[in-house]
Amino acid sequence: MTDAVPAVYEPLDERFAAVGGDSRLERLWTGGRWTEGPLYVPAGRYLLFSDIPNDRVLRWCETDGSVSVFGSPAGYANGRTLDRQGRVVTCQHGERRVVRTEHDGSTTVLADRLDGRRFNSPNDVVVSSDGAVWFTDPPYGIASDYEGHRAEPEVDGCHVYRVDPRTGQVAAVATDLERPNGLAFSPDESRLYVADTQRRHLRVFDVDGGRLAGGDVLADLEGGPDGVRVDDAGRVWVAAGTAVHVLHPDGTLLGRLRLPEEVSNLTFGGPKRNRLFLTATTSVYSILLTVTGPRLV
Ligand code: MG
């Protein structure tokens, strides 16, 4: 059964008037320990999400509202996205890797090592239109047994990596972050936004083919920023603390959408990509908006 809470919009700039929607936030499901990684799969009309400490992936069905276990154990899966062929690409804390689920259900490992050393615990992932896979690698899955398996780091820091779509080679493309976490491209893919949770920063990089340049701090956020998404108008949506922060591409905080729990990740979905799904601590929330998210496939 779905219950609801009032949707608390906090405008801080007149341009936030373009962002509106339901007056209620639907709570689609509760009962997790720490939920993350929402992904709407349009062909199946379902939402996948992770309940990391319980090592399971759940699936909310849009057509009947049911939630069931999609996978458990699940390699302590965290963030996920779709590639341009509609295949799910997933970060796994437990296996310390990024994998792709093929259309026949088999698993292909896209990245699990850099020069023979295991990653920390890949956290979140995006795929650019050329098929390159970009992911972040903070240590949350190896820092304790809560979100993975406690282990010593093998790589020399917490970086942003890119998997080349032709060669499969993995390269570190940003190495000056402390805890890189959520990431998202601007609509034209000229910029990559990356949350640095520890420093409470949202960084912005210029994308030059397979490389990143720049890396300015675009915004300081209350709470540690986690998930990031960009809507069709280029506004940047950042989950931090108990709110989603909506930023103009110039870094101005336009407003917030407040949640009843600490929010980790968000994604746009539904057949029109105008439904926002939010993973927030124990629960998954949803709200229909007047803005639209990017087309992934
Ligand atoms: Mg994250």
# chains A, B, ... in the order shown; residues from 1 in each chain; ligands from 1

call {"tool": "residues_around", "arguments": {"residues": "Ser128 in chain A", "least_positions_apart": "2", "cutoff": "12 Å", "atoms": "only C-alpha atoms", "output": "VMD selection string"}}
result
chain A and resid 81 to 85 125 to 126 130 to 135 162 to 165 183 to 192 207 209 to 210 294 to 297

call {"tool": "write_last_selection", "arguments": {"atoms": "N, CA and C atoms", "output": "mmCIF file, in the first residue's frame"}}
result
data_model
loop_
_atom_site.group_PDB
_atom_site.id
_atom_site.type_symbol
_atom_site.label_atom_id
_atom_site.label_comp_id
_atom_site.auth_asym_id
_atom_site.auth_seq_id
_atom_site.Cartn_x
_atom_site.Cartn_y
_atom_site.Cartn_z
ATOM 1 N N THR A 81 22.771 2.288 -13.786
ATOM 2 C CA THR A 81 22.203 3.082 -14.870
ATOM 3 C C THR A 81 21.920 2.152 -16.029
ATOM 4 N N LEU A 82 21.343 2.713 -17.112
ATOM 5 C CA LEU A 82 21.174 1.973 -18.354
ATOM 6 C C LEU A 82 22.213 2.445 -19.357
ATOM 7 N N ASP A 83 22.721 1.508 -20.157
ATOM 8 C CA ASP A 83 23.537 1.952 -21.282
ATOM 9 C C ASP A 83 22.623 2.203 -22.478
ATOM 10 N N ARG A 84 23.216 2.587 -23.596
ATOM 11 C CA ARG A 84 22.400 3.010 -24.746
ATOM 12 C C ARG A 84 21.654 1.851 -25.380
ATOM 13 N N GLN A 85 22.036 0.637 -25.036
ATOM 14 C CA GLN A 85 21.315 -0.538 -25.530
ATOM 15 C C GLN A 85 20.268 -1.032 -24.531
ATOM 16 N N VAL A 125 27.459 5.229 -11.302
ATOM 17 C CA VAL A 125 27.925 5.034 -12.672
ATOM 18 C C VAL A 125 27.009 5.762 -13.650
ATOM 19 N N VAL A 126 27.614 6.297 -14.692
ATOM 20 C CA VAL A 126 26.862 6.860 -15.812
ATOM 21 C C VAL A 126 27.517 6.362 -17.101
ATOM 22 N N ASP A 130 28.716 7.776 -26.252
ATOM 23 C CA ASP A 130 29.671 6.976 -27.033
ATOM 24 C C ASP A 130 29.876 5.585 -26.435
ATOM 25 N N GLY A 131 29.172 5.287 -25.338
ATOM 26 C CA GLY A 131 29.274 3.971 -24.716
ATOM 27 C C GLY A 131 30.308 3.881 -23.612
ATOM 28 N N ALA A 132 31.040 4.946 -23.347
ATOM 29 C CA ALA A 132 32.014 4.921 -22.249
ATOM 30 C C ALA A 132 31.277 4.874 -20.909
ATOM 31 N N VAL A 133 31.866 4.137 -19.973
ATOM 32 C CA VAL A 133 31.277 3.953 -18.645
ATOM 33 C C VAL A 133 32.131 4.728 -17.646
ATOM 34 N N TRP A 134 31.513 5.630 -16.919
ATOM 35 C CA TRP A 134 32.210 6.490 -15.962
ATOM 36 C C TRP A 134 31.704 6.149 -14.565
ATOM 37 N N PHE A 135 32.622 5.909 -13.624
ATOM 38 C CA PHE A 135 32.154 5.543 -12.277
ATOM 39 C C PHE A 135 33.067 6.129 -11.207
ATOM 40 N N ARG A 162 37.060 5.939 -16.023
ATOM 41 C CA ARG A 162 36.354 5.810 -17.297
ATOM 42 C C ARG A 162 36.785 4.502 -17.965
ATOM 43 N N VAL A 163 35.791 3.761 -18.420
ATOM 44 C CA VAL A 163 36.050 2.541 -19.182
ATOM 45 C C VAL A 163 35.879 2.870 -20.659
ATOM 46 N N ASP A 164 36.940 2.704 -21.424
ATOM 47 C CA ASP A 164 36.896 3.040 -22.845
ATOM 48 C C ASP A 164 35.945 2.085 -23.577
ATOM 49 N N PRO A 165 35.058 2.632 -24.417
ATOM 50 C CA PRO A 165 34.056 1.758 -25.043
ATOM 51 C C PRO A 165 34.633 0.830 -26.111
ATOM 52 N N LEU A 183 27.333 11.088 -9.823
ATOM 53 C CA LEU A 183 27.845 11.827 -10.981
ATOM 54 C C LEU A 183 26.788 11.852 -12.072
ATOM 55 N N ALA A 184 26.859 12.905 -12.911
ATOM 56 C CA ALA A 184 25.874 13.049 -13.990
ATOM 57 C C ALA A 184 26.419 14.002 -15.035
ATOM 58 N N PHE A 185 26.068 13.744 -16.291
ATOM 59 C CA PHE A 185 26.453 14.635 -17.380
ATOM 60 C C PHE A 185 25.422 15.734 -17.576
ATOM 61 N N SER A 186 25.894 16.885 -18.088
ATOM 62 C CA SER A 186 24.978 17.905 -18.601
ATOM 63 C C SER A 186 24.295 17.344 -19.849
ATOM 64 N N PRO A 187 23.176 17.935 -20.284
ATOM 65 C CA PRO A 187 22.440 17.365 -21.422
ATOM 66 C C PRO A 187 23.291 17.208 -22.680
ATOM 67 N N ASP A 188 24.227 18.114 -22.938
ATOM 68 C CA ASP A 188 25.064 17.993 -24.144
ATOM 69 C C ASP A 188 26.369 17.233 -23.869
ATOM 70 N N GLU A 189 26.510 16.716 -22.673
ATOM 71 C CA GLU A 189 27.678 15.918 -22.262
ATOM 72 C C GLU A 189 28.985 16.708 -22.289
ATOM 73 N N SER A 190 28.886 18.030 -22.278
ATOM 74 C CA SER A 190 30.110 18.842 -22.247
ATOM 75 C C SER A 190 30.649 18.996 -20.830
ATOM 76 N N ARG A 191 29.801 18.704 -19.833
ATOM 77 C CA ARG A 191 30.214 18.828 -18.435
ATOM 78 C C ARG A 191 29.840 17.559 -17.685
ATOM 79 N N LEU A 192 30.691 17.232 -16.708
ATOM 80 C CA LEU A 192 30.381 16.125 -15.800
ATOM 81 C C LEU A 192 30.366 16.674 -14.375
ATOM 82 N N VAL A 207 34.307 18.082 -20.153
ATOM 83 C CA VAL A 207 34.565 16.789 -20.779
ATOM 84 C C VAL A 207 35.213 17.028 -22.135
ATOM 85 N N GLY A 209 36.400 14.627 -24.840
ATOM 86 C CA GLY A 209 36.521 13.243 -25.282
ATOM 87 C C GLY A 209 36.515 12.323 -24.079
ATOM 88 N N GLY A 210 37.608 11.592 -23.899
ATOM 89 C CA GLY A 210 37.699 10.687 -22.767
ATOM 90 C C GLY A 210 38.400 11.286 -21.568
ATOM 91 N N PRO A 294 16.496 13.093 -18.342
ATOM 92 C CA PRO A 294 17.134 12.729 -19.608
ATOM 93 C C PRO A 294 16.682 11.356 -20.106
ATOM 94 N N ARG A 295 16.776 11.194 -21.406
ATOM 95 C CA ARG A 295 16.522 9.894 -22.024
ATOM 96 C C ARG A 295 17.818 9.086 -21.937
ATOM 97 N N LEU A 296 17.740 7.908 -21.337
ATOM 98 C CA LEU A 296 18.941 7.081 -21.189
ATOM 99 C C LEU A 296 19.142 6.162 -22.389
ATOM 100 N N VAL A 297 18.044 5.726 -22.990
ATOM 101 C CA VAL A 297 18.168 4.819 -24.152
ATOM 102 C C VAL A 297 17.414 5.414 -25.331
#

call {"tool": "select_by_dssp", "arguments": {"residues": "range 13-254 of chain A", "states": "helix (DSSP H, G or I)", "output": "ChimeraX atom specification"}}
result
/A:14-18,52-54

call {"tool": "residues_near_ligand", "arguments": {"ligand": "ligand 1", "cutoff": "6 Å", "atoms": "only C-alpha atoms and all ligand atoms", "output": "ChimeraX atom specification"}}
result
/A:123-124,181-182,226-227

call {"tool": "write_last_selection", "arguments": {"atoms": "N, CA, C and O atoms", "output": "PDB file, in the first residue's frame"}}
result
ATOM      1  N   ASN A 123      30.708   3.019  -6.671  1.00  0.00           N
ATOM      2  CA  ASN A 123      29.542   3.569  -5.984  1.00  0.00           C
ATOM      3  C   ASN A 123      28.433   3.963  -6.931  1.00  0.00           C
ATOM      4  O   ASN A 123      27.274   3.612  -6.711  1.00  0.00           O
ATOM      5  N   ASP A 124      28.791   4.711  -7.985  1.00  0.00           N
ATOM      6  CA  ASP A 124      27.750   5.186  -8.893  1.00  0.00           C
ATOM      7  C   ASP A 124      28.348   5.283 -10.283  1.00  0.00           C
ATOM      8  O   ASP A 124      29.570   5.417 -10.442  1.00  0.00           O
ATOM      9  N   ASN A 181      31.280  10.498  -5.432  1.00  0.00           N
ATOM     10  CA  ASN A 181      30.085   9.702  -5.178  1.00  0.00           C
ATOM     11  C   ASN A 181      29.157   9.766  -6.384  1.00  0.00           C
ATOM     12  O   ASN A 181      29.479   9.213  -7.429  1.00  0.00           O
ATOM     13  N   GLY A 182      28.038  10.498  -6.317  1.00  0.00           N
ATOM     14  CA  GLY A 182      27.152  10.573  -7.471  1.00  0.00           C
ATOM     15  C   GLY A 182      27.771  11.370  -8.600  1.00  0.00           C
ATOM     16  O   GLY A 182      28.624  12.240  -8.373  1.00  0.00           O
ATOM     17  N   ASP A 226      25.267  13.094  -2.277  1.00  0.00           N
ATOM     18  CA  ASP A 226      25.404  11.711  -2.740  1.00  0.00           C
ATOM     19  C   ASP A 226      24.988  11.662  -4.210  1.00  0.00           C
ATOM     20  O   ASP A 226      25.762  12.005  -5.098  1.00  0.00           O
ATOM     21  N   GLY A 227      23.750  11.288  -4.504  1.00  0.00           N
ATOM     22  CA  GLY A 227      23.336  11.127  -5.897  1.00  0.00           C
ATOM     23  C   GLY A 227      23.156  12.450  -6.616  1.00  0.00           C
ATOM     24  O   GLY A 227      22.794  13.467  -6.016  1.00  0.00           O
TER      25      GLY A 227
END

call {"tool": "residues_around", "arguments": {"residues": "range 269-283 of chain A", "least_positions_apart": "3", "cutoff": "6 Å", "atoms": "only C-alpha atoms", "output": "VMD selection string"}}
result
chain A and resid 29 to 36 40 261 to 266 286 to 289 291 to 293

call {"tool": "closest_atom_pairs", "arguments": {"of": "range 99-188 of chain A", "to": "range 48-57 of chain A", "cutoff": "12 Å", "atoms": "only C-alpha atoms", "output": "JSON lines"}}
result
{"residue": "A:Asn123", "atom": "CA", "partner": "A:Ile52", "partner_atom": "CA", "distance": 11.0}
{"residue": "A:Asp124", "atom": "CA", "partner": "A:Ser50", "partner_atom": "CA", "distance": 11.8}
{"residue": "A:Tyr140", "atom": "CA", "partner": "A:Ile52", "partner_atom": "CA", "distance": 10.8}
{"residue": "A:Gly141", "atom": "CA", "partner": "A:Ile52", "partner_atom": "CA", "distance": 9.3}
{"residue": "A:Ser144", "atom": "CA", "partner": "A:Pro53", "partner_atom": "CA", "distance": 10.7}
{"residue": "A:Asp145", "atom": "CA", "partner": "A:Pro53", "partner_atom": "CA", "distance": 8.5}
{"residue": "A:Tyr146", "atom": "CA", "partner": "A:Pro53", "partner_atom": "CA", "distance": 5.5}
{"residue": "A:Glu147", "atom": "CA", "partner": "A:Pro53", "partner_atom": "CA", "distance": 4.9}
{"residue": "A:Gly148", "atom": "CA", "partner": "A:Pro53", "partner_atom": "CA", "distance": 7.5}
{"residue": "A:His149", "atom": "CA", "partner": "A:Pro53", "partner_atom": "CA", "distance": 10.5}

call {"tool": "select_by_dssp", "arguments": {"residues": "range 46-246 of chain A", "states": "strand (DSSP E)", "output": "PyMOL selection string"}}
result
chain A and resi 46-51+56-61+67-71+77-82+88-92+97-101+107-111+113-114+117-118+125-127+133-136+160-163+170-174+180-185+191-196+201-208+211-220+225-230+236-240+243-246

call {"tool": "residues_around", "arguments": {"residues": "Glu222 in chain A", "least_positions_apart": "4", "cutoff": "12 Å", "atoms": "only C-alpha atoms", "output": "ChimeraX atom specification"}}
result
/A:197-202,226,238-245,253,256,262

call {"tool": "closest_residue", "arguments": {"among": "A:Tyr285, A:Phe205, A:Tyr76, A:Phe119", "to": "Pro153 in chain A", "atoms": "only C-alpha atoms"}}
result
A:Phe119

call {"tool": "closest_residue", "arguments": {"among": "A:His103, A:Val19, A:Pro38, A:Ala143", "to": "Arg229 in chain A", "atoms": "only C-alpha atoms"}}
result
A:Pro38
